[in-house]
Structures are given as C-alpha cells and as structure tokens.
file input_29.pdb (PDB, C-alpha atoms)
ATOM      1  CA  MET A 276      97.687  94.806 138.278
ATOM      2  CA  HIS A 277      95.497  97.855 138.620
ATOM      3  CA  THR A 278      91.752  97.809 138.491
ATOM      4  CA  LEU A 279      89.339 100.657 138.100
ATOM      5  CA  SER A 280      89.189 101.156 141.865
ATOM      6  CA  THR A 281      92.985 101.279 142.267
ATOM      7  CA  LEU A 282      93.682 103.984 139.691
ATOM      8  CA  ASP A 283      94.761 107.133 141.473
ATOM      9  CA  GLU A 284      94.213 110.780 140.553
ATOM     10  CA  PHE A 285      97.446 110.921 138.531
ATOM     11  CA  ASP A 286      96.475 107.818 136.523
ATOM     12  CA  TRP A 287      93.147 109.438 135.621
ATOM     13  CA  LYS A 288      94.835 112.711 134.661
ATOM     14  CA  LEU A 289      97.397 110.841 132.571
ATOM     15  CA  LEU A 290      94.665 108.882 130.748
ATOM     16  CA  ALA A 291      92.692 112.068 130.066
ATOM     17  CA  ALA A 292      95.796 113.865 128.739
ATOM     18  CA  LEU A 293      96.723 110.928 126.482
ATOM     19  CA  GLN A 294      93.170 110.664 125.190
ATOM     20  CA  GLU A 295      93.323 114.344 124.246
ATOM     21  CA  ASP A 296      96.762 114.032 122.612
ATOM     22  CA  GLY A 297      98.464 110.646 122.358
ATOM     23  CA  ARG A 298     101.641 112.278 121.031
ATOM     24  CA  LEU A 299     102.501 114.005 124.303
ATOM     25  CA  THR A 300     106.040 113.384 125.500
ATOM     26  CA  ASN A 301     106.628 112.293 129.069
ATOM     27  CA  GLN A 302     107.926 115.793 129.785
ATOM     28  CA  GLU A 303     104.726 117.360 128.441
ATOM     29  CA  LEU A 304     102.608 114.856 130.382
ATOM     30  CA  GLY A 305     104.534 115.647 133.552
ATOM     31  CA  ASP A 306     103.997 119.360 133.055
ATOM     32  CA  ARG A 307     100.253 118.824 132.605
ATOM     33  CA  ILE A 308      99.609 116.489 135.508
ATOM     34  CA  GLY A 309     102.302 117.471 138.006
ATOM     35  CA  LEU A 310     104.674 114.489 137.894
ATOM     36  CA  SER A 311     108.228 114.007 136.716
ATOM     37  CA  PRO A 312     108.798 112.685 133.190
ATOM     38  CA  SER A 313     110.183 109.404 134.581
ATOM     39  CA  GLN A 314     107.081 108.896 136.749
ATOM     40  CA  CYS A 315     104.894 109.586 133.714
ATOM     41  CA  SER A 316     106.891 107.111 131.654
ATOM     42  CA  ARG A 317     106.454 104.356 134.246
ATOM     43  CA  ARG A 318     102.758 105.064 134.678
ATOM     44  CA  ARG A 319     102.159 105.256 130.908
ATOM     45  CA  SER A 320     103.950 101.936 130.366
ATOM     46  CA  ARG A 321     101.967 100.276 133.171
ATOM     47  CA  LEU A 322      98.636 101.608 131.859
ATOM     48  CA  GLU A 323      99.520 100.361 128.363
ATOM     49  CA  GLU A 324     100.602  96.919 129.632
ATOM     50  CA  GLU A 325      97.442  96.563 131.732
ATOM     51  CA  GLY A 326      95.205  97.397 128.773
ATOM     52  CA  PHE A 327      93.865 100.778 129.897
ATOM     53  CA  VAL A 328      95.511 102.355 126.832
ATOM     54  CA  LEU A 329      94.588 100.297 123.777
ATOM     55  CA  GLY A 330      96.628 102.185 121.199
ATOM     56  CA  TYR A 331      97.439 105.501 119.588
ATOM     57  CA  HIS A 332      95.833 106.694 116.375
ATOM     58  CA  ALA A 333      95.880 109.651 114.033
ATOM     59  CA  ARG A 334      92.463 111.149 113.373
ATOM     60  CA  ILE A 335      92.110 111.585 109.599
ATOM     61  CA  ASP A 336      89.702 114.035 107.976
ATOM     62  CA  ARG A 337      87.277 111.789 106.070
ATOM     63  CA  LEU A 338      86.116 114.542 103.687
ATOM     64  CA  LYS A 339      89.646 115.506 102.654
ATOM     65  CA  THR A 340      90.346 111.856 101.863
ATOM     66  CA  GLY A 341      87.233 111.520  99.701
ATOM     67  CA  TYR A 342      84.887 109.742 102.127
ATOM     68  CA  ASN A 343      81.928 112.028 101.550
ATOM     69  CA  LEU A 344      79.172 109.936 103.167
ATOM     70  CA  THR A 345      78.787 108.566 106.657
ATOM     71  CA  VAL A 346      76.070 105.937 106.812
ATOM     72  CA  PHE A 347      74.443 103.924 109.566
ATOM     73  CA  ILE A 348      73.190 100.534 108.492
ATOM     74  CA  HIS A 349      70.838  98.460 110.620
ATOM     75  CA  VAL A 350      71.092  94.736 109.962
ATOM     76  CA  GLY A 351      68.470  92.166 110.914
ATOM     77  CA  MET A 352      69.550  88.527 111.049
ATOM     78  CA  ASN A 353      67.578  85.695 109.462
ATOM     79  CA  SER A 354      68.227  83.511 112.512
ATOM     80  CA  HIS A 355      69.935  84.109 115.816
ATOM     81  CA  THR A 356      72.545  81.402 116.038
ATOM     82  CA  PRO A 357      76.130  81.620 117.272
ATOM     83  CA  ASP A 358      77.281  80.525 113.811
ATOM     84  CA  ASN A 359      75.395  83.368 112.105
ATOM     85  CA  ALA A 360      76.723  85.893 114.621
ATOM     86  CA  ALA A 361      80.312  84.722 114.022
ATOM     87  CA  HIS A 362      79.739  84.753 110.269
ATOM     88  CA  LEU A 363      78.446  88.349 110.331
ATOM     89  CA  LYS A 364      81.355  89.408 112.531
ATOM     90  CA  ARG A 365      83.807  88.035 109.937
ATOM     91  CA  LEU A 366      81.927  89.811 107.138
ATOM     92  CA  VAL A 367      81.942  93.151 108.969
ATOM     93  CA  ASN A 368      85.641  92.877 109.792
ATOM     94  CA  ARG A 369      86.394  92.171 106.122
ATOM     95  CA  LEU A 370      84.791  95.447 104.975
ATOM     96  CA  PRO A 371      87.248  98.345 105.441
ATOM     97  CA  GLN A 372      84.447 100.919 105.077
ATOM     98  CA  VAL A 373      82.916  99.749 108.370
ATOM     99  CA  GLU A 374      84.279 102.052 111.058
ATOM    100  CA  GLU A 375      82.175 100.697 113.921
ATOM    101  CA  ALA A 376      79.829  97.765 114.421
ATOM    102  CA  TYR A 377      77.569  96.963 117.354
ATOM    103  CA  SER A 378      75.271  94.142 118.416
ATOM    104  CA  LEU A 379      72.026  95.656 119.687
ATOM    105  CA  THR A 380      68.888  95.014 121.651
ATOM    106  CA  GLY A 381      65.602  96.108 120.084
ATOM    107  CA  ASP A 382      64.266  95.954 116.546
ATOM    108  CA  MET A 383      67.585  95.550 114.746
ATOM    109  CA  ASP A 384      70.294  93.065 115.574
ATOM    110  CA  TYR A 385      73.338  95.078 114.479
ATOM    111  CA  GLN A 386      74.246  98.662 113.691
ATOM    112  CA  LEU A 387      77.157  99.460 111.396
ATOM    113  CA  LYS A 388      78.780 102.841 110.880
ATOM    114  CA  LEU A 389      80.369 103.152 107.450
ATOM    115  CA  ASN A 390      82.341 105.807 105.637
ATOM    116  CA  VAL A 391      81.968 105.608 101.863
ATOM    117  CA  ARG A 392      83.024 107.826  98.988
ATOM    118  CA  ASN A 393      79.618 108.010  97.282
ATOM    119  CA  LEU A 394      76.207 106.401  96.804
ATOM    120  CA  ALA A 395      77.603 103.900  94.302
ATOM    121  CA  ASP A 396      80.009 102.574  96.948
ATOM    122  CA  LEU A 397      77.159 102.334  99.453
ATOM    123  CA  SER A 398      74.987 100.516  96.932
ATOM    124  CA  ASP A 399      77.813  98.088  96.193
ATOM    125  CA  ILE A 400      78.264  97.194  99.871
ATOM    126  CA  ILE A 401      74.541  96.773 100.473
ATOM    127  CA  ASN A 402      73.777  94.821  97.286
ATOM    128  CA  ASN A 403      76.964  92.768  96.909
ATOM    129  CA  ASP A 404      78.154  92.206 100.479
ATOM    130  CA  LEU A 405      75.291  92.510 102.969
ATOM    131  CA  LEU A 406      72.047  91.474 101.265
ATOM    132  CA  PRO A 407      73.419  88.316  99.601
ATOM    133  CA  ASP A 408      74.967  87.127 102.866
ATOM    134  CA  ARG A 409      73.349  83.976 104.275
ATOM    135  CA  ALA A 410      73.077  85.446 107.784
ATOM    136  CA  VAL A 411      71.359  88.705 106.782
ATOM    137  CA  GLN A 412      67.610  89.111 106.465
ATOM    138  CA  THR A 413      67.111  92.904 106.399
ATOM    139  CA  VAL A 414      69.270  95.955 105.756
ATOM    140  CA  LYS A 415      68.142  99.532 106.432
ATOM    141  CA  SER A 416      70.470 102.436 105.736
ATOM    142  CA  THR A 417      70.458 105.999 107.021
ATOM    143  CA  ILE A 418      72.723 108.663 105.543
ATOM    144  CA  VAL A 419      74.189 111.252 107.909
ATOM    145  CA  LEU A 420      73.371 114.822 106.875
ATOM    146  CA  ASP A 421      75.523 116.601 109.469
ATOM    147  CA  THR A 422      77.865 115.519 112.254
ATOM    148  CA  LEU A 423      77.148 117.378 115.486
ATOM    149  CA  LYS A 424      79.718 115.611 117.680
ATOM    150  CA  GLU A 425      82.206 112.889 116.940
ATOM    151  CA  GLY A 426      84.983 111.015 118.689
ATOM    152  CA  SER A 427      85.323 113.166 121.783
ATOM    153  CA  GLY A 428      86.527 110.255 123.908
ATOM    154  CA  LEU A 429      85.473 108.978 127.291
ATOM    155  CA  PRO A 430      84.479 111.358 130.100
ATOM    156  CA  LEU A 431      87.453 110.405 132.263
ATOM    157  CA  SER A 432      87.518 111.275 135.949
ATOM    158  CA  ARG A 433      88.268 109.455 139.163
ATOM    159  CA  THR A 434      84.668 109.353 140.343
TER     160      THR A 434
END

call {"tool": "encode", "arguments": {"input": "input_29.pdb", "output": "structure tokens"}}
result
Amino acid sequence: MHTLSTLDEFDWKLLAALQEDGRLTNQELGDRIGLSPSQCSRRRSRLEEEGFVLGYHARIDRLKTGYNLTVFIHVGMNSHTPDNAAHLKRLVNRLPQVEEAYSLTGDMDYQLKLNVRNLADLSDIINNDLLPDRAVQTVKSTIVLDTLKEGSGLPLSRT
C-alpha cells in the first residue's frame, strides 16, 4: 500500500495526467510521462485500488443543459447534535441540485453549492426542502453572477 510519502515522480505525473484527461489510454499516458503502456496500466490500477483515483467523470456544461443559476446557500443549524448533522447530510444527499456541501467553522454551519434552472427552482428548494427541515434554523442564499475559475483540480506535484 502506498502512502503520500511513497508515491514516486511517475505516480505524481500519472495522477496529474489523469486529472487533466481521465480518458487517456495507457499508451497516451506512457507517452506523456515516459513509461511503457504496461507500466502505466499497472500503476493506474494500483492508484485506483488504493483510493488515490476516486473515479472518472464527464464535465457537463451546466448552461447548455439548462442549469442557468449557480447558488451558494449558507445553512445555520437550530442545534448542534450528531443527529441533526446526520439528518442534514441525508437531506443534502437527497437533493440532486446540490453539487457540493461542506461543514464549516465560523458564522454558518454548512455551505451548499447548487445548480438550478431558475429562481423558481431555487425558491422551491429553500421553501420546501431547507426551511421546513427540523434541523435548519437559517438559510442565506447568494447567486453567482460570474464564474472566474471552476474545477481545475488539485495542484499535483511530488513536493
């Protein structure tokens, strides 16, 4: 089993190449990082099995698919109990519009990133899913006007 400290330069290069394009063949990976396709295949399989590579996904254009608004919602809990935290986690995972969700320090307990088609969809989620929930005390939403940077991946390097 590899750990962070045992990954070598080729492992880091392979991870960076896969993060940039998960559809690369082992031949293409080998050409990029200087290994044979069979070595790339073994390393890729090992990195997948050990959980360094969590999956492969297509990046879909949200605007072309009708998701015209990106919204950040800050959620404040009415009480901080393990049961309420688990309850909110189930609620968030049930809502397909929630792309990301984080537990925070500071003024708000959670931050959710949603993609919705329009203001009516946002209103529906806030008024029918979040505010009536027994664990939720406050909901504050912020609509994104422009995306400056998104989903660029981790800054992978050996050091």

call {"tool": "resolve_selection", "arguments": {"input": "input_29.pdb", "expression": "the PyMOL selection byres ((chain A and resi 319) around 10)", "output": "PDB file with C-alpha atoms, in the frame of the given file"}}
result
ATOM      1  CA  ASP A 286      96.475 107.818 136.523  1.00  0.00           C
ATOM      2  CA  LEU A 289      97.397 110.841 132.571  1.00  0.00           C
ATOM      3  CA  LEU A 290      94.665 108.882 130.748  1.00  0.00           C
ATOM      4  CA  LEU A 293      96.723 110.928 126.482  1.00  0.00           C
ATOM      5  CA  ASN A 301     106.628 112.293 129.069  1.00  0.00           C
ATOM      6  CA  LEU A 304     102.608 114.856 130.382  1.00  0.00           C
ATOM      7  CA  SER A 313     110.183 109.404 134.581  1.00  0.00           C
ATOM      8  CA  GLN A 314     107.081 108.896 136.749  1.00  0.00           C
ATOM      9  CA  CYS A 315     104.894 109.586 133.714  1.00  0.00           C
ATOM     10  CA  SER A 316     106.891 107.111 131.654  1.00  0.00           C
ATOM     11  CA  ARG A 317     106.454 104.356 134.246  1.00  0.00           C
ATOM     12  CA  ARG A 318     102.758 105.064 134.678  1.00  0.00           C
ATOM     13  CA  SER A 320     103.950 101.936 130.366  1.00  0.00           C
ATOM     14  CA  ARG A 321     101.967 100.276 133.171  1.00  0.00           C
ATOM     15  CA  LEU A 322      98.636 101.608 131.859  1.00  0.00           C
ATOM     16  CA  GLU A 323      99.520 100.361 128.363  1.00  0.00           C
ATOM     17  CA  GLU A 324     100.602  96.919 129.632  1.00  0.00           C
ATOM     18  CA  GLU A 325      97.442  96.563 131.732  1.00  0.00           C
ATOM     19  CA  PHE A 327      93.865 100.778 129.897  1.00  0.00           C
ATOM     20  CA  VAL A 328      95.511 102.355 126.832  1.00  0.00           C
TER      21      VAL A 328
END

call {"tool": "residues_around", "arguments": {"input": "input_29.pdb", "residues": "range 419-421 of chain A", "least_positions_apart": "2", "cutoff": "12 Å", "atoms": "only C-alpha atoms", "output": "JSON, numbers by chain"}}
result
{"A": [343, 344, 345, 346, 347, 348, 388, 389, 390, 391, 416, 417, 423, 424, 425]}

call {"tool": "residues_around", "arguments": {"input": "input_29.pdb", "residues": "Asp296 in chain A", "least_positions_apart": "4", "cutoff": "10 Å", "atoms": "only C-alpha atoms", "output": "list in words"}}
result
Leu290, Ala291, Ala292, Thr300, Leu304, Tyr331, His332 and Ala333 of chain A

call {"tool": "residues_around", "arguments": {"input": "input_29.pdb", "residues": "Thr413 in chain A", "least_positions_apart": "5", "cutoff": "12 Å", "atoms": "only C-alpha atoms", "output": "number ranges by chain"}}
result
A: 348-354, 382-386, 401-402, 405-408

call {"tool": "atom_distance", "arguments": {"input": "input_29.pdb", "atom1": "CA of Ser427 in chain A", "atom2": "CA of Thr278 in chain A"}}
result
23.6 Å

call {"tool": "axis_aligned_box", "arguments": {"input": "input_29.pdb", "around": "range 337-353 of chain A", "padding_each_side": "3 Å", "output": "lines of an AutoDock Vina configuration file"}}
result
center_x = 79.0
center_y = 100.6
center_z = 105.4
size_x = 28.8
size_y = 35.8
size_z = 17.3

call {"tool": "atom_distance", "arguments": {"input": "input_29.pdb", "atom1": "CA of Arg369 in chain A", "atom2": "CA of Arg337 in chain A"}}
result
19.6 Å

call {"tool": "atom_distance", "arguments": {"input": "input_29.pdb", "atom1": "CA of Leu379 in chain A", "atom2": "CA of Arg392 in chain A"}}
result
26.4 Å

call {"tool": "residues_around", "arguments": {"input": "input_29.pdb", "residues": "range 359-361 of chain A", "least_positions_apart": "3", "cutoff": "6 Å", "atoms": "only C-alpha atoms", "output": "ChimeraX atom specification"}}
result
/A:356,364,410

call {"tool": "decode", "arguments": {"input": "input_29.pdb", "residues": "range 300-356 of chain A", "atoms": "C-alpha atoms", "output": "CSV table (one decimal), in the first residue's frame"}}
result
chain,number,residue,atom,x,y,z
A,300,THR,CA,-5.2,5.4,-22.9
A,301,ASN,CA,-2.2,3.6,-21.3
A,302,GLN,CA,-0.3,4.3,-24.5
A,303,GLU,CA,-1.1,8.0,-24.3
A,304,LEU,CA,-0.2,8.1,-20.6
A,305,GLY,CA,3.1,6.4,-21.3
A,306,ASP,CA,3.9,8.9,-24.0
A,307,ARG,CA,3.2,11.8,-21.6
A,308,ILE,CA,5.1,10.5,-18.6
A,309,GLY,CA,7.9,8.4,-20.1
A,310,LEU,CA,6.8,4.9,-19.2
A,311,SER,CA,5.6,1.9,-21.1
A,312,PRO,CA,1.9,1.3,-21.5
A,313,SER,CA,2.0,-1.8,-19.4
A,314,GLN,CA,3.8,0.1,-16.6
A,315,CYS,CA,1.1,2.8,-16.8
A,316,SER,CA,-1.6,0.2,-16.7
A,317,ARG,CA,-0.2,-1.4,-13.5
A,318,ARG,CA,0.4,2.0,-11.8
A,319,ARG,CA,-3.1,3.2,-12.8
A,320,SER,CA,-4.7,0.1,-11.4
A,321,ARG,CA,-2.7,0.3,-8.2
A,322,LEU,CA,-3.6,4.0,-7.7
A,323,GLU,CA,-7.3,3.2,-8.3
A,324,GLU,CA,-7.3,0.3,-5.9
A,325,GLU,CA,-5.5,2.3,-3.2
A,326,GLY,CA,-8.0,5.1,-3.5
A,327,PHE,CA,-5.8,7.8,-5.0
A,328,VAL,CA,-8.1,7.9,-8.1
A,329,LEU,CA,-11.7,8.1,-6.9
A,330,GLY,CA,-13.4,7.9,-10.3
A,331,TYR,CA,-13.7,9.3,-13.8
A,332,HIS,CA,-16.4,11.8,-14.8
A,333,ALA,CA,-17.5,13.8,-17.8
A,334,ARG,CA,-17.7,17.5,-17.2
A,335,ILE,CA,-21.1,18.7,-18.5
A,336,ASP,CA,-21.8,22.3,-19.5
A,337,ARG,CA,-24.4,23.4,-17.0
A,338,LEU,CA,-25.7,26.3,-19.2
A,339,LYS,CA,-26.3,24.1,-22.2
A,340,THR,CA,-28.3,21.7,-20.1
A,341,GLY,CA,-30.5,24.4,-18.7
A,342,TYR,CA,-28.9,25.0,-15.3
A,343,ASN,CA,-28.7,28.8,-15.5
A,344,LEU,CA,-28.0,29.6,-11.9
A,345,THR,CA,-25.3,28.6,-9.5
A,346,VAL,CA,-26.1,29.4,-5.9
A,347,PHE,CA,-24.3,29.2,-2.6
A,348,ILE,CA,-26.5,28.6,0.3
A,349,HIS,CA,-25.3,29.0,3.9
A,350,VAL,CA,-27.3,26.9,6.4
A,351,GLY,CA,-27.3,27.5,10.2
A,352,MET,CA,-28.5,24.7,12.4
A,353,ASN,CA,-31.0,25.1,15.2
A,354,SER,CA,-28.9,22.8,17.4
A,355,HIS,CA,-25.6,21.1,17.0
A,356,THR,CA,-26.2,17.5,17.7
